[in-house]
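Next comes model_32.tsv, a file with TSV, C-alpha atoms (C1' of nucleotides).
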chain	number	residue	atom	x	y	z
A	1	MET	CA	94.05	72.03	120.16
A	2	THR	CA	95.84	74.42	117.88
A	3	VAL	CA	95.89	73.73	114.17
A	4	ARG	CA	98.07	75.53	111.63
A	5	ILE	CA	96.70	75.44	108.09
A	6	ALA	CA	98.45	76.98	105.11
A	7	THR	CA	98.04	77.40	101.38
A	8	TRP	CA	100.82	77.84	98.84
A	9	ASN	CA	100.94	77.98	95.07
A	10	ILE	CA	104.22	76.11	94.77
A	11	ASN	CA	104.76	76.51	90.99
A	12	SER	CA	106.06	72.97	90.43
A	13	VAL	CA	106.31	70.73	93.46
A	14	ASN	CA	109.30	68.84	92.08
A	15	ALA	CA	111.29	71.90	90.99
A	16	ARG	CA	110.57	73.34	94.43
A	17	LEU	CA	110.98	70.20	96.53
A	18	GLU	CA	113.89	71.41	98.67
A	19	LYS	CA	112.14	74.74	99.27
A	20	LEU	CA	108.97	72.88	100.21
A	21	LEU	CA	110.75	70.61	102.69
A	22	GLU	CA	112.63	73.55	104.17
A	23	TRP	CA	109.39	75.45	104.63
A	24	LEU	CA	107.57	72.49	106.16
A	25	ARG	CA	110.39	72.08	108.67
A	26	SER	CA	110.42	75.74	109.65
A	27	ALA	CA	106.74	76.70	109.53
A	28	GLN	CA	105.48	73.29	110.67
A	29	PRO	CA	101.94	73.51	109.36
A	30	ASP	CA	99.58	70.71	110.33
A	31	VAL	CA	97.85	71.01	106.97
A	32	LEU	CA	99.21	72.47	103.73
A	33	CYS	CA	97.15	73.04	100.59
A	34	LEU	CA	99.29	73.18	97.44
A	35	GLN	CA	98.46	74.43	93.97
A	36	GLU	CA	100.23	74.33	90.60
A	37	LEU	CA	101.97	71.03	91.28
A	38	LYS	CA	102.97	70.76	87.60
A	39	SER	CA	103.36	67.07	88.37
A	40	THR	CA	101.43	63.92	87.75
A	41	THR	CA	99.94	62.34	90.83
A	42	ASP	CA	102.43	59.48	90.50
A	43	ALA	CA	105.42	61.84	90.36
A	44	PHE	CA	104.44	63.66	93.56
A	45	PRO	CA	107.23	63.38	96.19
A	46	PHE	CA	105.08	61.42	98.64
A	47	GLU	CA	108.01	59.79	100.43
A	48	ALA	CA	109.94	63.01	101.03
A	49	VAL	CA	106.98	64.65	102.79
A	50	ARG	CA	106.07	61.43	104.59
A	51	GLU	CA	109.48	61.57	106.27
A	52	LEU	CA	108.36	64.87	107.78
A	53	GLY	CA	105.14	63.30	109.00
A	54	TYR	CA	102.71	64.23	106.23
A	55	GLU	CA	100.15	62.14	104.44
A	56	THR	CA	99.24	63.51	101.02
A	57	ALA	CA	96.21	63.61	98.79
A	58	ALA	CA	97.60	64.67	95.39
A	59	HIS	CA	95.75	65.28	92.16
A	60	GLY	CA	97.77	66.15	89.07
A	61	THR	CA	98.07	65.28	85.42
A	62	GLY	CA	101.44	66.74	84.53
A	63	ARG	CA	102.25	69.88	82.72
A	64	TRP	CA	99.94	72.45	84.33
A	65	ASN	CA	97.61	72.75	87.26
A	66	GLY	CA	97.65	70.11	89.98
A	67	VAL	CA	96.58	70.40	93.65
A	68	ALA	CA	97.31	68.57	96.87
A	69	ILE	CA	96.59	68.48	100.58
A	70	LEU	CA	99.32	67.50	103.03
A	71	SER	CA	98.31	66.68	106.59
A	72	LYS	CA	99.89	65.40	109.78
A	73	ILE	CA	96.55	65.31	111.61
A	74	GLY	CA	94.64	62.86	109.44
A	75	LEU	CA	93.46	62.75	105.86
A	76	ALA	CA	89.99	61.34	105.34
A	77	ASP	CA	87.12	61.54	102.88
A	78	VAL	CA	89.30	62.74	100.02
A	79	VAL	CA	87.41	64.12	97.02
A	80	ARG	CA	89.13	64.92	93.73
A	81	ASP	CA	87.43	67.51	91.49
A	82	LEU	CA	84.36	69.56	92.36
A	83	PRO	CA	81.05	67.77	91.86
A	84	GLY	CA	80.00	68.81	88.36
A	85	GLN	CA	83.29	70.57	87.74
A	86	PRO	CA	83.34	72.15	84.28
A	87	GLY	CA	86.11	71.27	81.87
A	88	TYR	CA	88.02	73.56	79.55
A	89	LEU	CA	87.88	73.27	75.81
A	90	ASP	CA	90.64	75.22	74.08
A	91	PRO	CA	88.98	77.15	71.23
A	92	ALA	CA	91.98	76.40	68.99
A	93	THR	CA	91.51	72.68	69.54
A	94	ALA	CA	87.79	72.97	68.98
A	95	ASP	CA	88.39	74.72	65.66
A	96	GLU	CA	90.58	71.98	64.28
A	97	GLY	CA	87.57	70.26	62.92
A	98	THR	CA	85.98	66.92	62.73
A	99	LEU	CA	88.58	64.19	63.04
A	100	LEU	CA	88.15	63.73	66.76
A	101	PRO	CA	85.38	64.98	69.00
A	102	ALA	CA	86.98	67.73	71.08
A	103	GLU	CA	85.96	67.17	74.67
A	104	PRO	CA	86.38	69.69	77.46
A	105	GLU	CA	89.19	68.59	79.77
A	106	ILE	CA	88.41	68.29	83.47
A	107	GLU	CA	91.57	69.78	84.92
A	108	PRO	CA	93.01	68.85	88.33
A	109	ARG	CA	92.16	72.06	90.16
A	110	ALA	CA	90.40	70.93	93.33
A	111	VAL	CA	90.88	68.37	96.08
A	112	ALA	CA	89.14	68.12	99.45
A	113	ALA	CA	89.92	66.26	102.64
A	114	THR	CA	89.03	66.15	106.29
A	115	CYS	CA	92.09	66.77	108.45
A	116	GLY	CA	91.32	66.17	112.10
A	117	PRO	CA	88.61	68.64	113.12
A	118	VAL	CA	88.69	70.65	109.88
A	119	ARG	CA	87.49	70.04	106.34
A	120	VAL	CA	89.32	71.87	103.56
A	121	TRP	CA	89.31	72.30	99.80
A	122	SER	CA	92.57	73.13	98.04
A	123	VAL	CA	91.66	74.98	94.85
A	124	TYR	CA	93.45	76.43	91.87
A	125	VAL	CA	90.92	78.67	90.17
A	126	PRO	CA	91.43	79.12	86.40
A	127	ASN	CA	93.37	82.23	85.45
A	128	GLY	CA	90.94	83.59	82.87
A	129	ARG	CA	93.72	84.95	80.65
A	130	GLU	CA	91.78	87.88	79.16
A	131	VAL	CA	88.32	89.31	79.71
A	132	GLY	CA	86.18	87.86	76.94
A	133	HIS	CA	88.43	84.84	76.37
A	134	ALA	CA	86.89	81.38	76.59
A	135	HIS	CA	89.12	80.83	79.60
A	136	TYR	CA	87.46	83.76	81.36
A	137	ALA	CA	83.99	82.28	80.88
A	138	TYR	CA	85.44	78.98	82.12
A	139	LYS	CA	86.77	80.76	85.20
A	140	LEU	CA	83.37	82.21	86.08
A	141	ASP	CA	81.65	78.88	85.45
A	142	TRP	CA	84.24	77.13	87.60
A	143	LEU	CA	83.67	79.59	90.46
A	144	SER	CA	79.92	79.07	90.26
A	145	THR	CA	80.46	75.32	90.55
A	146	LEU	CA	82.79	75.90	93.50
A	147	ARG	CA	80.09	77.83	95.31
A	148	ASP	CA	77.59	75.03	94.76
A	149	ALA	CA	80.13	72.45	95.91
A	150	VAL	CA	80.83	74.14	99.24
A	151	VAL	CA	77.48	75.60	100.25
A	152	ALA	CA	76.54	72.68	102.52
A	153	ASP	CA	79.88	72.58	104.34
A	154	ALA	CA	79.86	76.37	104.58
A	155	ALA	CA	76.60	76.21	106.53
A	156	GLY	CA	77.76	73.33	108.72
A	157	GLU	CA	78.94	73.23	112.31
A	158	ARG	CA	82.36	71.80	111.46
A	159	PRO	CA	85.23	74.22	110.77
A	160	PHE	CA	85.52	74.40	107.01
A	161	ALA	CA	87.56	76.46	104.58
A	162	VAL	CA	88.37	76.80	100.91
A	163	LEU	CA	92.03	77.68	100.51
A	164	GLY	CA	93.99	78.33	97.38
A	165	ASP	CA	94.94	80.46	94.45
A	166	PHE	CA	91.69	82.17	93.51
A	167	ASN	CA	93.23	84.32	90.78
A	168	ILE	CA	91.06	87.19	92.01
A	169	ALA	CA	92.08	90.29	93.94
A	170	PRO	CA	89.11	90.85	96.27
A	171	THR	CA	89.41	94.64	96.28
A	172	ASP	CA	91.40	97.35	94.53
A	173	THR	CA	93.65	97.55	97.59
A	174	ASP	CA	94.78	94.01	96.84
A	175	VAL	CA	96.82	95.14	93.82
A	176	TRP	CA	99.86	97.40	94.10
A	177	ASP	CA	98.67	99.67	91.29
A	178	VAL	CA	95.08	99.42	90.17
A	179	ALA	CA	95.81	101.39	87.02
A	180	LYS	CA	97.96	98.49	85.84
A	181	PHE	CA	94.89	96.26	85.92
A	182	GLU	CA	92.59	98.41	83.83
A	183	GLY	CA	90.54	96.01	81.73
A	184	ALA	CA	92.41	92.98	83.02
A	185	THR	CA	91.26	89.80	84.67
A	186	HIS	CA	91.56	89.30	88.43
A	187	VAL	CA	89.85	92.59	89.28
A	188	THR	CA	86.56	92.51	87.34
A	189	GLU	CA	83.12	92.92	88.86
A	190	ALA	CA	82.09	89.46	87.68
A	191	GLU	CA	85.05	87.79	89.39
A	192	ARG	CA	84.46	89.73	92.59
A	193	ALA	CA	80.77	88.85	92.42
A	194	ALA	CA	81.84	85.20	92.56
A	195	LEU	CA	83.65	85.94	95.82
A	196	ALA	CA	80.54	87.72	97.09
A	197	ASP	CA	78.57	84.56	96.30
A	198	LEU	CA	80.96	82.58	98.49
A	199	GLN	CA	80.41	85.11	101.25
A	200	ALA	CA	76.66	84.83	100.84
A	201	ALA	CA	77.06	81.09	101.29
A	202	GLY	CA	78.59	81.74	104.71
A	203	LEU	CA	82.30	81.98	103.98
A	204	ALA	CA	84.47	84.94	104.97
A	205	ASP	CA	87.87	86.12	103.74
A	206	VAL	CA	90.46	85.41	106.44
A	207	PHE	CA	92.58	88.51	105.98
A	208	PRO	CA	96.24	87.85	106.80
A	209	ARG	CA	98.70	90.28	108.29
A	210	PRO	CA	101.76	91.21	106.25
A	211	LEU	CA	105.16	90.47	107.73
A	212	LYS	CA	106.45	93.66	106.13
A	213	TYR	CA	104.92	96.74	104.48
A	214	ASP	CA	101.28	97.61	104.91
A	215	HIS	CA	99.48	95.10	102.72
A	216	PRO	CA	99.57	91.29	102.60
A	217	TYR	CA	100.27	90.56	98.96
A	218	THR	CA	100.74	86.90	98.10
A	219	TYR	CA	102.07	87.01	94.52
A	220	TRP	CA	104.84	88.97	92.88
A	221	ASP	CA	105.81	88.48	89.24
A	222	TYR	CA	109.26	87.02	88.64
A	223	ARG	CA	110.05	89.84	86.24
A	224	GLN	CA	111.08	93.46	86.62
A	225	LEU	CA	112.10	93.34	90.28
A	226	SER	CA	108.49	92.98	91.30
A	227	PHE	CA	109.26	91.44	94.67
A	228	PRO	CA	111.95	93.87	95.83
A	229	LYS	CA	109.69	96.72	94.74
A	230	ASN	CA	106.70	95.05	96.41
A	231	TYR	CA	104.69	95.14	93.20
A	232	GLY	CA	102.38	92.43	94.47
A	233	ILE	CA	98.80	91.29	94.45
A	234	ARG	CA	96.71	89.32	96.96
A	235	ILE	CA	95.09	86.41	95.17
A	236	ASP	CA	95.86	83.45	97.44
A	237	LEU	CA	92.90	83.43	99.76
A	238	VAL	CA	91.31	81.56	102.64
A	239	TYR	CA	87.52	81.50	102.83
A	240	GLY	CA	86.29	79.99	106.09
A	241	ASN	CA	82.88	79.33	107.56
A	242	LYS	CA	81.89	80.77	110.90
A	243	PRO	CA	83.22	77.90	113.07
A	244	PHE	CA	86.52	78.31	111.19
A	245	THR	CA	86.84	82.09	111.31
A	246	GLU	CA	85.83	82.24	114.97
A	247	ALA	CA	88.74	79.94	115.78
A	248	VAL	CA	91.37	82.00	113.92
A	249	SER	CA	94.06	83.16	116.35
A	250	ASP	CA	96.50	84.48	113.72
A	251	SER	CA	97.03	84.67	109.98
A	252	TYR	CA	99.92	85.97	107.94
A	253	VAL	CA	101.61	85.86	104.54
A	254	ASP	CA	105.07	84.32	104.85
A	255	ARG	CA	106.84	86.61	102.40
A	256	GLU	CA	110.18	85.30	103.63
A	257	ALA	CA	109.50	82.23	101.47
A	258	ARG	CA	109.47	84.47	98.38
A	259	LYS	CA	113.04	85.69	98.95
A	260	GLY	CA	116.07	84.44	97.12
A	261	LYS	CA	116.60	82.23	94.10
A	262	GLY	CA	114.55	79.24	93.14
A	263	THR	CA	111.38	80.29	94.93
A	264	SER	CA	107.78	80.13	93.82
A	265	ASP	CA	106.31	83.43	92.64
A	266	HIS	CA	103.65	83.02	95.36
A	267	ALA	CA	104.14	83.14	99.12
A	268	PRO	CA	102.37	80.84	101.58
A	269	VAL	CA	99.38	82.09	103.57
A	270	VAL	CA	99.27	80.67	107.09
A	271	VAL	CA	96.25	80.47	109.39
A	272	ASP	CA	96.38	79.39	113.03
A	273	LEU	CA	93.24	78.01	114.64
A	274	ALA	CA	92.48	77.51	118.33
A	275	LEU	CA	89.97	74.70	118.41
B	1	DA	C1'	120.53	93.05	99.21
B	2	DT	C1'	114.57	90.47	98.42
B	3	DG	C1'	117.65	91.99	92.32
B	4	DC	C1'	115.64	92.36	86.43
B	5	DC	C1'	111.19	85.17	84.81
B	6	DT	C1'	110.32	80.29	85.33
B	7	DC	C1'	108.34	75.88	84.46
B	8	DA	C1'	107.38	71.44	81.74
B	9	DA	C1'	107.38	68.87	77.71
B	10	DA	C1'	110.39	68.17	74.35
B	11	DC	C1'	115.14	68.56	73.14
B	12	DG	C1'	114.32	74.43	70.45
B	13	DT	C1'	110.65	76.27	71.20
B	14	DT	C1'	106.25	77.07	73.00
B	15	DG	C1'	102.41	77.90	76.03
B	16	DA	C1'	101.13	79.31	80.44
B	17	DG	C1'	101.29	82.04	84.35
B	18	DA	C1'	98.73	86.98	86.07

File written out as structure tokens:
Amino acid sequence: MTVRIATWNINSVNARLEKLLEWLRSAQPDVLCLQELKSTTDAFPFEAVRELGYETAAHGTGRWNGVAILSKIGLADVVRDLPGQPGYLDPATADEGTLLPAEPEIEPRAVAATCGPVRVWSVYVPNGREVGHAHYAYKLDWLSTLRDAVVADAAGERPFAVLGDFNIAPTDTDVWDVAKFEGATHVTEAERAALADLQAAGLADVFPRPLKYDHPYTYWDYRQLSFPKNYGIRIDLVYGNKPFTEAVSDSYVDREARKGKGTSDHAPVVVDLAL
DNA sequence: ATGCCTCAAACGTTGAGA
């Protein structure tokens, strides 16, 4: 059988609903991993995607974050959150003192499911904000927990992949101008070491082909004509185990979905498998 | 034209995104 799996940081599933439905109709993925729902689980448009044949495992709490898996080929063994997933404690909140115990918040950034012959995680890795920020330490901790969460499936016989917005450019070629990222997150050695740890666990970067230009960027800032100028970065990634990568027949970034008004700032990454 | 940022919560402004 052939299976088409995609990942897309949708930047609000409800603000983007018509774009999402349009893309599902045209690209016809069997499985779609979404990130940045910006929606509670209850407010997810389950019925609209069901009409196109998709079951959904959604995990969201509202304002930020939020992940989902849509599937037309089965949706079993759903897991929300990584085992042992670290939470984030905003330093400003923590400094407010003693009235309430400030607890780290476990954010909805990961959901897993088995879709037919494939098991997938849809992940939205923390941004990090600035090197040295508490959010950056949280990002590295989160990535370490991700590695631990997937090591068994990575070594397994079943096709398995982690798909999502990793907020890391794997190499300097994955940013349009490396000088712009001097001292910034997304390109540091520590973040790339986390990707190397995933590779050591048996997962490989499924490198997509671009539909235009010479490099498959997946994100372009809304500002300053970034998309028309192709000032992009590749941070939406697919890490598959050997049974997964050996089945890949094609992979591409659908930059067409980034064109026009009312789009996400990310483009979908599509992977076709011959299983 | 692919075109100069957008979203949600709260209802003017702020925080986040990367």

Quiz item: Do you have the CA of Asn241 in chain A-CA of Thr173 in chain A distance handy?
Solution: 23.4 Å

Could you tell me which residues of chain B sit within 10 Å of chain A when counting all atoms listed in the file, and give me the result as a PDB file with C-alpha atoms (C1' of nucleotides), keeping the file's coordinate frame?
ATOM      1  C1'  DA B   1     120.530  93.050  99.210  1.00  0.00           C
ATOM      2  C1'  DT B   2     114.570  90.470  98.420  1.00  0.00           C
ATOM      3  C1'  DG B   3     117.650  91.990  92.320  1.00  0.00           C
ATOM      4  C1'  DC B   4     115.640  92.360  86.430  1.00  0.00           C
ATOM      5  C1'  DC B   5     111.190  85.170  84.810  1.00  0.00           C
ATOM      6  C1'  DT B   6     110.320  80.290  85.330  1.00  0.00           C
ATOM      7  C1'  DC B   7     108.340  75.880  84.460  1.00  0.00           C
ATOM      8  C1'  DA B   8     107.380  71.440  81.740  1.00  0.00           C
ATOM      9  C1'  DA B   9     107.380  68.870  77.710  1.00  0.00           C
ATOM     10  C1'  DA B  16     101.130  79.310  80.440  1.00  0.00           C
ATOM     11  C1'  DG B  17     101.290  82.040  84.350  1.00  0.00           C
ATOM     12  C1'  DA B  18      98.730  86.980  86.070  1.00  0.00           C
TER      13       DA B  18
END

Quiz item: CA of Glu18 in chain A and CA of Phe44 in chain A are how many Å apart?
Solution: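 So the two atoms, CA of Glu18 in chain A and CA of Phe44 in chain A, lie 13.2 Å apart.
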
Practice problem: Skip Ala274 in chain A itself and residues of its chain fewer than 3 positions away, then list as an MDAnalysis selection string all residues within 12 Å of it, counting all atoms listed in the file. | Solution: chainID A and resid 1:5 117:118 159 243:251 271

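Computed from the coordinates, the CA of Gly164 in chain A to CA of Val253 in chain A distance equals 12.9 Å.
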
Exercise. May I have the residues within 9 Å of Trp121 in chain A as a PyMOL selection string, using only C-alpha atoms (C1' of nucleotides) and disregarding those fewer than 3 positions away in the same chain?
Key: chain A and resi 33+69+79+110-114+150+160-164

Practice problem: May I have the residues at most 10 Å from (95.0, 94.4, 93.7) in the file's coordinates, counting all atoms listed in the file, as an MDAnalysis selection string? | Solution: chainID A and resid 168:181 186:187 217 231:235

Practice problem: Rank nothing, just name the residue among A:Ala48, A:Val269, A:Ala194, A:Ala204 nearest to Leu32 in chain A, using only C-alpha atoms. | Solution: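 The answer is A:Val269, which sits nearest to Leu32 in chain A.
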
Let me know the centre plus edge lengths, in Å and rounded to one decimal, of a box with edges along x, y and z that contains all listed atoms of range 2-17 of chain B and is padded by 4 Å on every side, as JSON.
{"center_x": 109.4, "center_y": 80.3, "center_z": 84.4, "size_x": 24.5, "size_y": 32.2, "size_z": 36.0}

Self-check item: 8 Å contact set for Asp165 in chain A, all atoms listed in the file, chain neighbours under 2 positions out, as a PyMOL selection string
Solution: chain A and resi 8-9+35+123-125+163+167+235-237

Using the atoms already present, construct N, CA, C and O atoms for range 70-88 of chain A and hand them back as a PDB file, keeping the file's coordinate frame.
ATOM      1  N   LEU A  70      98.411  68.219 102.141  1.00  0.00           N
ATOM      2  CA  LEU A  70      99.320  67.500 103.030  1.00  0.00           C
ATOM      3  C   LEU A  70      98.793  67.656 104.446  1.00  0.00           C
ATOM      4  O   LEU A  70      98.382  68.763 104.836  1.00  0.00           O
ATOM      5  N   SER A  71      98.827  66.576 105.214  1.00  0.00           N
ATOM      6  CA  SER A  71      98.310  66.680 106.590  1.00  0.00           C
ATOM      7  C   SER A  71      99.080  65.762 107.518  1.00  0.00           C
ATOM      8  O   SER A  71      99.398  64.627 107.168  1.00  0.00           O
ATOM      9  N   LYS A  72      99.345  66.266 108.727  1.00  0.00           N
ATOM     10  CA  LYS A  72      99.890  65.400 109.780  1.00  0.00           C
ATOM     11  C   LYS A  72      98.837  65.085 110.823  1.00  0.00           C
ATOM     12  O   LYS A  72      99.149  64.489 111.858  1.00  0.00           O
ATOM     13  N   ILE A  73      97.595  65.526 110.591  1.00  0.00           N
ATOM     14  CA  ILE A  73      96.550  65.310 111.610  1.00  0.00           C
ATOM     15  C   ILE A  73      95.387  64.523 111.025  1.00  0.00           C
ATOM     16  O   ILE A  73      94.253  64.658 111.476  1.00  0.00           O
ATOM     17  N   GLY A  74      95.685  63.696 110.033  1.00  0.00           N
ATOM     18  CA  GLY A  74      94.640  62.860 109.440  1.00  0.00           C
ATOM     19  C   GLY A  74      94.239  63.359 108.069  1.00  0.00           C
ATOM     20  O   GLY A  74      94.362  64.554 107.758  1.00  0.00           O
ATOM     21  N   LEU A  75      93.805  62.427 107.252  1.00  0.00           N
ATOM     22  CA  LEU A  75      93.460  62.750 105.860  1.00  0.00           C
ATOM     23  C   LEU A  75      92.351  61.771 105.446  1.00  0.00           C
ATOM     24  O   LEU A  75      92.638  60.641 105.053  1.00  0.00           O
ATOM     25  N   ALA A  76      91.130  62.241 105.568  1.00  0.00           N
ATOM     26  CA  ALA A  76      89.990  61.340 105.340  1.00  0.00           C
ATOM     27  C   ALA A  76      89.032  61.954 104.331  1.00  0.00           C
ATOM     28  O   ALA A  76      89.059  63.161 104.065  1.00  0.00           O
ATOM     29  N   ASP A  77      88.195  61.102 103.781  1.00  0.00           N
ATOM     30  CA  ASP A  77      87.120  61.540 102.880  1.00  0.00           C
ATOM     31  C   ASP A  77      87.648  62.443 101.769  1.00  0.00           C
ATOM     32  O   ASP A  77      87.118  63.533 101.521  1.00  0.00           O
ATOM     33  N   VAL A  78      88.686  61.972 101.109  1.00  0.00           N
ATOM     34  CA  VAL A  78      89.300  62.740 100.020  1.00  0.00           C
ATOM     35  C   VAL A  78      88.367  62.758  98.806  1.00  0.00           C
ATOM     36  O   VAL A  78      87.823  61.723  98.416  1.00  0.00           O
ATOM     37  N   VAL A  79      88.201  63.956  98.250  1.00  0.00           N
ATOM     38  CA  VAL A  79      87.410  64.120  97.020  1.00  0.00           C
ATOM     39  C   VAL A  79      88.278  64.846  95.997  1.00  0.00           C
ATOM     40  O   VAL A  79      88.845  65.906  96.300  1.00  0.00           O
ATOM     41  N   ARG A  80      88.392  64.264  94.819  1.00  0.00           N
ATOM     42  CA  ARG A  80      89.130  64.920  93.730  1.00  0.00           C
ATOM     43  C   ARG A  80      88.140  65.490  92.738  1.00  0.00           C
ATOM     44  O   ARG A  80      87.207  64.788  92.335  1.00  0.00           O
ATOM     45  N   ASP A  81      88.301  66.738  92.382  1.00  0.00           N
ATOM     46  CA  ASP A  81      87.430  67.510  91.490  1.00  0.00           C
ATOM     47  C   ASP A  81      86.142  67.923  92.215  1.00  0.00           C
ATOM     48  O   ASP A  81      85.633  67.202  93.064  1.00  0.00           O
ATOM     49  N   LEU A  82      85.649  69.093  91.849  1.00  0.00           N
ATOM     50  CA  LEU A  82      84.360  69.560  92.360  1.00  0.00           C
ATOM     51  C   LEU A  82      83.257  68.708  91.741  1.00  0.00           C
ATOM     52  O   LEU A  82      83.356  68.337  90.565  1.00  0.00           O
ATOM     53  N   PRO A  83      82.206  68.420  92.495  1.00  0.00           N
ATOM     54  CA  PRO A  83      81.050  67.770  91.860  1.00  0.00           C
ATOM     55  C   PRO A  83      80.544  68.637  90.701  1.00  0.00           C
ATOM     56  O   PRO A  83      80.288  69.824  90.879  1.00  0.00           O
ATOM     57  N   GLY A  84      80.469  68.056  89.527  1.00  0.00           N
ATOM     58  CA  GLY A  84      80.000  68.810  88.360  1.00  0.00           C
ATOM     59  C   GLY A  84      81.001  69.803  87.813  1.00  0.00           C
ATOM     60  O   GLY A  84      80.641  70.716  87.064  1.00  0.00           O
ATOM     61  N   GLN A  85      82.271  69.599  88.150  1.00  0.00           N
ATOM     62  CA  GLN A  85      83.290  70.570  87.740  1.00  0.00           C
ATOM     63  C   GLN A  85      83.347  70.719  86.219  1.00  0.00           C
ATOM     64  O   GLN A  85      83.486  69.727  85.500  1.00  0.00           O
ATOM     65  N   PRO A  86      83.266  71.963  85.727  1.00  0.00           N
ATOM     66  CA  PRO A  86      83.340  72.150  84.280  1.00  0.00           C
ATOM     67  C   PRO A  86      84.743  71.877  83.752  1.00  0.00           C
ATOM     68  O   PRO A  86      85.730  72.058  84.462  1.00  0.00           O
ATOM     69  N   GLY A  87      84.826  71.442  82.535  1.00  0.00           N
ATOM     70  CA  GLY A  87      86.110  71.270  81.870  1.00  0.00           C
ATOM     71  C   GLY A  87      86.407  72.459  80.981  1.00  0.00           C
ATOM     72  O   GLY A  87      85.567  73.343  80.782  1.00  0.00           O
ATOM     73  N   TYR A  88      87.613  72.485  80.464  1.00  0.00           N
ATOM     74  CA  TYR A  88      88.020  73.560  79.550  1.00  0.00           C
ATOM     75  C   TYR A  88      88.275  73.001  78.167  1.00  0.00           C
ATOM     76  O   TYR A  88      89.007  72.019  78.004  1.00  0.00           O
TER      77      TYR A  88
END
